[in-house]
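**Q** Sharing a structure below in structure tokens format, with a few things to ask.
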Number of protein chains: 2
Amino acid sequence: MKLQLQIKMNEALFLRNPESSVLGKKIIQHSIQLIYKNGFETFTFKKLAEDIGTTEAGVYRYFENKHRLLVYLTAWYWGWLEFQITYHTNNLQDPSVKLKRVIKLLATTIEDDEQTSHVNEGVLHQIIISEGSKAYLTKHVGDDNKQLFFKPYKDLCAVVGNIILECNPKYKYPKSLASTIIEIAHFQNFFMNNLPSLTDFGEAKEESVIIAFLNDLVFNSLEKS
Amino acid sequence: MKLQLQIKMNEALFLRNPESSVLGKKIIQHSIQLIYKNGFETFTFKKLAEDIGTTEAGVYRYFENKHRLLVYLTAWYWGWLEFQITYHTNNLQDPSVKLKRVIKLLATTIEDDEQTSHVNEGVLHQIIISEGSKAYLTKHVGDDNKQLFFKPYKDLCAVVGNIILECNPKYKYPKSLASTIIEIAHFQNFFMNNLPSLTDFGEAKEESVIIAFLNDLVFNSLEKS
DNA sequence: TTATAAAGATAGTATTACTATCATAAATAA
DNA sequence: TTATTTATGATAGTAATACTATCTTTATAA
């Protein structure tokens, strides 16, 4: 039996639900490929439409603009990742084992998840690394936040923050440490591959060293405090 | 006597040196204000030109495009900050006192430096927080890197990394920790002001708590390892 | 069968991101 | 001093971007 995993998305993120039609799914699938290939700056709805074999207007019926689409993709990713984390830490008792598992999930490029046919999670993960922060680094972050566009990201941080507190109930900065782990997992990955002298992973270029660095950072803080 | 501080800039960043003329300085000064006010995405050379009282073509004579201008501004900022760090840690013996000083400088919004008349460092610092990472989060980061556009950022990281090593010569991740401190100083600041639930600084909204968090994070790692 | 919703086809507009040209004023070199 | 280079100003033009609007066709549902 094959299960289909559906991430429940904030309705305000789209004009028409892309999960509800073939065209919609194509928009998600091909936008991930296009943004991955050429970057978000040069990505346009026109190019996407040509790629899919529809028209610009067709894409605009689903998403107000390309920034909304990016926010949708990131929100989807955070929702999916929260599910992964809940799933993979489900029966673990020891909170530090849990946290190690979380760090590994955050820092590892996952192979394509068969449960979500139109989303390639591995490629999406790469997009999150390079483009993810652009979803909120805008002047309208406040408005977007009011519409709860970043709720999946916040929920994920809350989950990670709670595991941190389980590890050490006295630790003073669980939320900041959670958002730090998430951001650093991505930034160190980007630096490793693009500006390696900003990291200590120059030759290795493996995600395992990022995981080691994060574990060192996090558990020294939690054991000490 | 008033000293004028000049940051030596990479010549490939501009077509004509903006420090060399009144118009050039106006471009720097007003672009900082405009990007701060409306964000980088909506910033255009046309708006900038109108603001200054010149024409689009006038601005294009100095910078190839707005991304180059952003890279210039960030490079300037990192160069300036490295000078600040060198200056303010000059006579300090104890490396951990030094590192604390560095963290404070990284996380504090500095008031306008009189030595650089056309650059408002406080506003520029805010731009670095919100837009700084967009300078390198592009598909052409490799090309830009080859042209040494990010050298000031790398140099700064190297300086911080060396202080980290002074604190603990056995620490395994000095460069990654250095880039982590720098990025997190900015991200936690952005989150504090825009997505406060991602931090533990919700009510305080003061840079001092970010500094406390960073100190905790860094020195737990350095003392332990 | 009819209504209705989604998609396709086409057109049009304002803005963005440039490039090109020519005139003029200011600085500088012969 | 004049001649010449250099920076700026003024204006025009173009391709691409970021949309909006309308009309027709096709699929689906009542």
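By order of appearance in the structure tokens: chains A, B, ..., then residues from 1 within every chain, and ligands from 1 in the order shown.
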Which residues of chain B are close to chain D, meaning at most 10 Å apart when you count only C-alpha atoms (C1' of nucleotides), and how do they look as JSON, numbers by chain?

**A** {"B": [21, 23, 54, 55, 57, 58, 61]}

**Q** Please report as a tab-separated table every residue of chain C lying within 10 Å of chain A, along with the nearest atom pair and their distance in Å (one decimal), using only C-alpha atoms (C1' of nucleotides).

**A**
```
residue	atom	partner	partner_atom	distance
C:DA6	C1'	A:Ser21	CA	9.3
C:DA7	C1'	A:Gly58	CA	7.2
C:DG8	C1'	A:Thr54	CA	7.6
C:DA9	C1'	A:Thr55	CA	8.6
```

**Q** Please provide chain B as a tab-separated table (two decimals) with C-alpha atoms, in the first residue's frame, once it has been superposed on chain A by least squares across all sequentially paired Cα atoms.

**A**
```tsv
chain	number	residue	atom	x	y	z
B	1	MET	CA	-0.13	0.00	-0.02
B	2	LYS	CA	1.21	3.42	-0.84
B	3	LEU	CA	0.29	6.27	1.43
B	4	GLN	CA	-0.12	9.76	0.12
B	5	LEU	CA	1.07	12.40	2.54
B	6	GLN	CA	-0.77	15.70	2.40
B	7	ILE	CA	0.56	18.78	4.15
B	8	LYS	CA	-2.27	21.04	5.24
B	9	MET	CA	-1.46	24.47	3.88
B	10	ASN	CA	-2.56	27.97	4.88
B	11	GLU	CA	-5.31	28.92	2.41
B	12	ALA	CA	-4.14	32.52	2.23
B	13	LEU	CA	-0.93	31.40	0.55
B	14	PHE	CA	-2.60	30.65	-2.75
B	15	LEU	CA	-5.51	31.80	-4.90
B	16	ARG	CA	-6.34	28.27	-5.96
B	17	ASN	CA	-5.04	25.20	-4.15
B	18	PRO	CA	-2.21	23.75	-6.24
B	19	GLU	CA	-2.76	20.32	-4.66
B	20	SER	CA	-6.26	20.25	-6.14
B	21	SER	CA	-5.40	19.86	-9.81
B	22	VAL	CA	-2.90	18.46	-12.27
B	23	LEU	CA	-1.86	21.95	-13.37
B	24	GLY	CA	-1.43	23.02	-9.75
B	25	LYS	CA	0.84	20.08	-8.99
B	26	LYS	CA	2.83	20.80	-12.13
B	27	ILE	CA	3.32	24.38	-10.94
B	28	ILE	CA	4.79	23.12	-7.66
B	29	GLN	CA	6.90	20.43	-9.29
B	30	HIS	CA	8.34	22.62	-12.04
B	31	SER	CA	8.83	25.71	-9.90
B	32	ILE	CA	11.01	23.65	-7.56
B	33	GLN	CA	13.10	22.49	-10.49
B	34	LEU	CA	13.36	25.95	-12.06
B	35	ILE	CA	14.22	27.81	-8.86
B	36	TYR	CA	16.79	25.15	-8.05
B	37	LYS	CA	18.33	25.43	-11.50
B	38	ASN	CA	18.42	29.19	-12.04
B	39	GLY	CA	17.84	30.71	-8.63
B	40	PHE	CA	14.88	32.68	-7.34
B	41	GLU	CA	15.94	36.06	-8.74
B	42	THR	CA	15.82	35.00	-12.39
B	43	PHE	CA	12.76	32.80	-11.89
B	44	THR	CA	9.61	34.19	-13.56
B	45	PHE	CA	6.07	32.95	-14.00
B	46	LYS	CA	6.52	33.26	-17.76
B	47	LYS	CA	9.44	30.84	-17.79
B	48	LEU	CA	7.57	28.53	-15.44
B	49	ALA	CA	4.49	28.61	-17.69
B	50	GLU	CA	6.55	27.80	-20.78
B	51	ASP	CA	8.20	24.96	-18.89
B	52	ILE	CA	4.86	23.47	-17.94
B	53	GLY	CA	3.10	24.18	-21.22
B	54	THR	CA	0.58	26.65	-19.89
B	55	THR	CA	0.40	30.43	-19.94
B	56	GLU	CA	1.43	33.09	-17.45
B	57	ALA	CA	-2.22	33.74	-16.67
B	58	GLY	CA	-2.54	30.06	-15.83
B	59	VAL	CA	0.08	30.33	-13.12
B	60	TYR	CA	-1.31	33.61	-11.79
B	61	ARG	CA	-4.59	31.83	-11.13
B	62	TYR	CA	-2.80	29.79	-8.46
B	63	PHE	CA	-0.34	32.25	-6.95
B	64	GLU	CA	-0.47	36.01	-6.61
B	65	ASN	CA	3.23	36.37	-7.34
B	66	LYS	CA	6.48	34.52	-7.21
B	67	HIS	CA	7.23	35.55	-3.65
B	68	ARG	CA	4.01	33.95	-2.45
B	69	LEU	CA	5.01	30.80	-4.28
B	70	LEU	CA	8.37	30.83	-2.49
B	71	VAL	CA	6.64	31.30	0.85
B	72	TYR	CA	4.34	28.42	-0.06
B	73	LEU	CA	7.28	26.16	-0.89
B	74	THR	CA	9.11	27.01	2.33
B	75	ALA	CA	5.95	26.60	4.41
B	76	TRP	CA	5.39	23.24	2.77
B	77	TYR	CA	8.95	22.22	3.54
B	78	TRP	CA	8.74	23.21	7.22
B	79	GLY	CA	5.44	21.40	7.56
B	80	TRP	CA	6.89	18.32	5.95
B	81	LEU	CA	10.02	18.50	8.11
B	82	GLU	CA	8.03	18.82	11.30
B	83	PHE	CA	6.21	15.67	10.32
B	84	GLN	CA	9.51	13.93	9.61
B	85	ILE	CA	10.86	14.98	12.98
B	86	THR	CA	7.76	13.90	14.87
B	87	TYR	CA	7.77	10.62	12.98
B	88	HIS	CA	11.46	9.83	13.43
B	89	THR	CA	11.67	10.83	17.10
B	90	ASN	CA	8.38	9.22	17.98
B	91	ASN	CA	9.49	6.37	20.20
B	92	LEU	CA	12.74	7.83	21.45
B	93	GLN	CA	12.91	8.27	25.22
B	94	ASP	CA	16.22	10.04	25.76
B	95	PRO	CA	15.79	13.73	24.84
B	96	SER	CA	19.43	14.14	23.80
B	97	VAL	CA	19.10	11.19	21.42
B	98	LYS	CA	16.01	12.94	20.11
B	99	LEU	CA	17.85	16.23	19.66
B	100	LYS	CA	20.71	14.50	17.86
B	101	ARG	CA	18.16	12.94	15.56
B	102	VAL	CA	16.62	16.35	14.90
B	103	ILE	CA	19.99	17.90	14.08
B	104	LYS	CA	20.69	15.07	11.67
B	105	LEU	CA	17.33	15.52	9.96
B	106	LEU	CA	17.88	19.28	9.67
B	107	ALA	CA	21.35	18.97	8.20
B	108	THR	CA	20.84	16.03	5.87
B	109	THR	CA	19.66	16.23	2.28
B	110	ILE	CA	16.88	13.72	2.19
B	111	GLU	CA	16.28	11.63	-0.88
B	112	ASP	CA	12.97	12.05	-2.67
B	113	ASP	CA	10.05	11.02	-0.52
B	114	GLU	CA	7.77	8.71	-2.53
B	115	GLN	CA	4.78	9.73	-0.45
B	116	THR	CA	4.64	13.14	-2.11
B	117	SER	CA	4.74	12.53	-5.82
B	118	HIS	CA	4.97	16.08	-7.11
B	119	VAL	CA	7.53	17.36	-4.59
B	120	ASN	CA	11.17	16.37	-4.76
B	121	GLU	CA	12.23	16.94	-1.17
B	122	GLY	CA	15.94	16.70	-1.90
B	123	VAL	CA	15.79	19.52	-4.44
B	124	LEU	CA	13.42	21.48	-2.21
B	125	HIS	CA	15.94	21.16	0.62
B	126	GLN	CA	18.56	22.75	-1.62
B	127	ILE	CA	16.15	25.60	-2.38
B	128	ILE	CA	15.54	26.12	1.32
B	129	ILE	CA	19.29	26.40	1.84
B	130	SER	CA	19.83	29.01	-0.87
B	131	GLU	CA	16.50	30.83	-1.01
B	132	GLY	CA	14.63	29.96	2.19
B	133	SER	CA	15.55	33.04	4.17
B	134	LYS	CA	14.35	35.29	1.34
B	135	ALA	CA	10.83	34.21	2.24
B	136	TYR	CA	10.94	36.35	5.39
B	137	LEU	CA	13.78	38.83	4.73
B	138	THR	CA	11.40	41.40	3.27
B	139	LYS	CA	9.83	44.69	4.25
B	140	HIS	CA	6.41	43.00	4.38
B	141	VAL	CA	7.48	40.29	6.83
B	142	GLY	CA	5.11	41.84	9.38
B	143	ASP	CA	2.05	41.56	7.14
B	144	ASP	CA	3.02	38.08	6.03
B	145	ASN	CA	3.46	37.10	9.65
B	146	LYS	CA	0.02	38.43	10.55
B	147	GLN	CA	-1.41	36.14	7.89
B	148	LEU	CA	0.40	33.26	9.61
B	149	PHE	CA	2.57	32.49	6.58
B	150	PHE	CA	5.47	31.53	8.83
B	151	LYS	CA	3.48	29.39	11.22
B	152	PRO	CA	5.04	26.10	10.00
B	153	TYR	CA	8.51	27.52	10.59
B	154	LYS	CA	7.54	28.75	14.05
B	155	ASP	CA	5.87	25.45	14.89
B	156	LEU	CA	9.00	23.58	13.90
B	157	CYS	CA	11.12	25.89	16.04
B	158	ALA	CA	8.74	25.33	18.94
B	159	VAL	CA	9.05	21.55	18.58
B	160	VAL	CA	12.85	21.77	18.53
B	161	GLY	CA	12.81	24.27	21.39
B	162	ASN	CA	10.77	21.87	23.52
B	163	ILE	CA	13.19	19.02	22.90
B	164	ILE	CA	15.98	21.38	23.96
B	165	LEU	CA	14.09	22.08	27.18
B	166	GLU	CA	13.64	18.35	27.73
B	167	CYS	CA	17.42	18.02	27.54
B	168	ASN	CA	17.97	20.82	29.99
B	169	PRO	CA	14.94	22.47	31.62
B	170	LYS	CA	17.15	25.24	32.97
B	171	TYR	CA	18.55	26.32	29.63
B	172	LYS	CA	17.72	29.97	29.07
B	173	TYR	CA	17.51	30.27	25.31
B	174	PRO	CA	15.58	27.28	23.91
B	175	LYS	CA	13.81	29.16	21.12
B	176	SER	CA	16.86	31.12	20.01
B	177	LEU	CA	18.94	27.96	20.05
B	178	ALA	CA	16.28	26.18	18.01
B	179	SER	CA	16.16	28.86	15.31
B	180	THR	CA	19.95	29.02	15.43
B	181	ILE	CA	20.32	25.30	14.77
B	182	ILE	CA	17.94	25.48	11.83
B	183	GLU	CA	19.53	28.53	10.22
B	184	ILE	CA	23.09	27.38	10.83
B	185	ALA	CA	22.42	23.93	9.41
B	186	HIS	CA	21.56	25.68	6.16
B	187	PHE	CA	24.12	28.45	6.19
B	188	GLN	CA	27.02	26.17	6.97
B	189	ASN	CA	25.88	23.92	4.15
B	190	PHE	CA	25.73	26.86	1.75
B	191	PHE	CA	29.14	28.12	2.89
B	192	MET	CA	30.68	24.65	2.65
B	193	ASN	CA	29.65	24.39	-0.98
B	194	ASN	CA	30.09	27.99	-2.08
B	195	LEU	CA	32.35	29.93	0.29
B	196	PRO	CA	34.26	27.08	1.93
B	197	SER	CA	36.80	29.29	3.69
B	198	LEU	CA	33.98	30.41	5.99
B	199	THR	CA	33.84	26.88	7.36
B	200	ASP	CA	36.10	24.13	8.65
B	201	PHE	CA	34.67	21.64	6.20
B	202	GLY	CA	36.71	22.71	3.20
B	203	GLU	CA	38.06	19.37	2.09
B	204	ALA	CA	35.45	17.05	3.52
B	205	LYS	CA	32.36	18.70	1.99
B	206	GLU	CA	30.17	16.24	3.78
B	207	GLU	CA	27.04	16.91	5.74
B	208	SER	CA	28.36	14.70	8.53
B	209	VAL	CA	30.89	17.36	9.59
B	210	ILE	CA	28.15	19.99	9.79
B	211	ILE	CA	26.23	17.61	12.02
B	212	ALA	CA	29.31	17.13	14.19
B	213	PHE	CA	29.78	20.89	14.49
B	214	LEU	CA	26.13	21.44	15.42
B	215	ASN	CA	26.18	18.63	17.98
B	216	ASP	CA	29.31	20.07	19.53
B	217	LEU	CA	27.79	23.54	19.67
B	218	VAL	CA	24.42	22.47	21.05
B	219	PHE	CA	25.44	19.88	23.60
B	220	ASN	CA	28.25	21.93	25.05
B	221	SER	CA	25.68	24.62	25.70
B	222	LEU	CA	23.09	22.29	27.15
B	223	GLU	CA	25.44	20.31	29.36
B	224	LYS	CA	27.13	23.39	30.76
B	225	SER	CA	24.29	25.70	31.57
```

**Q** Name the residues of range 8-76 of chain A that come out as helix (DSSP H, G or I) in a backbone DSSP run; write them as a ChimeraX atom specification.

**A** /A:11-13,18-20,22-38,45-52,56-60,66-76
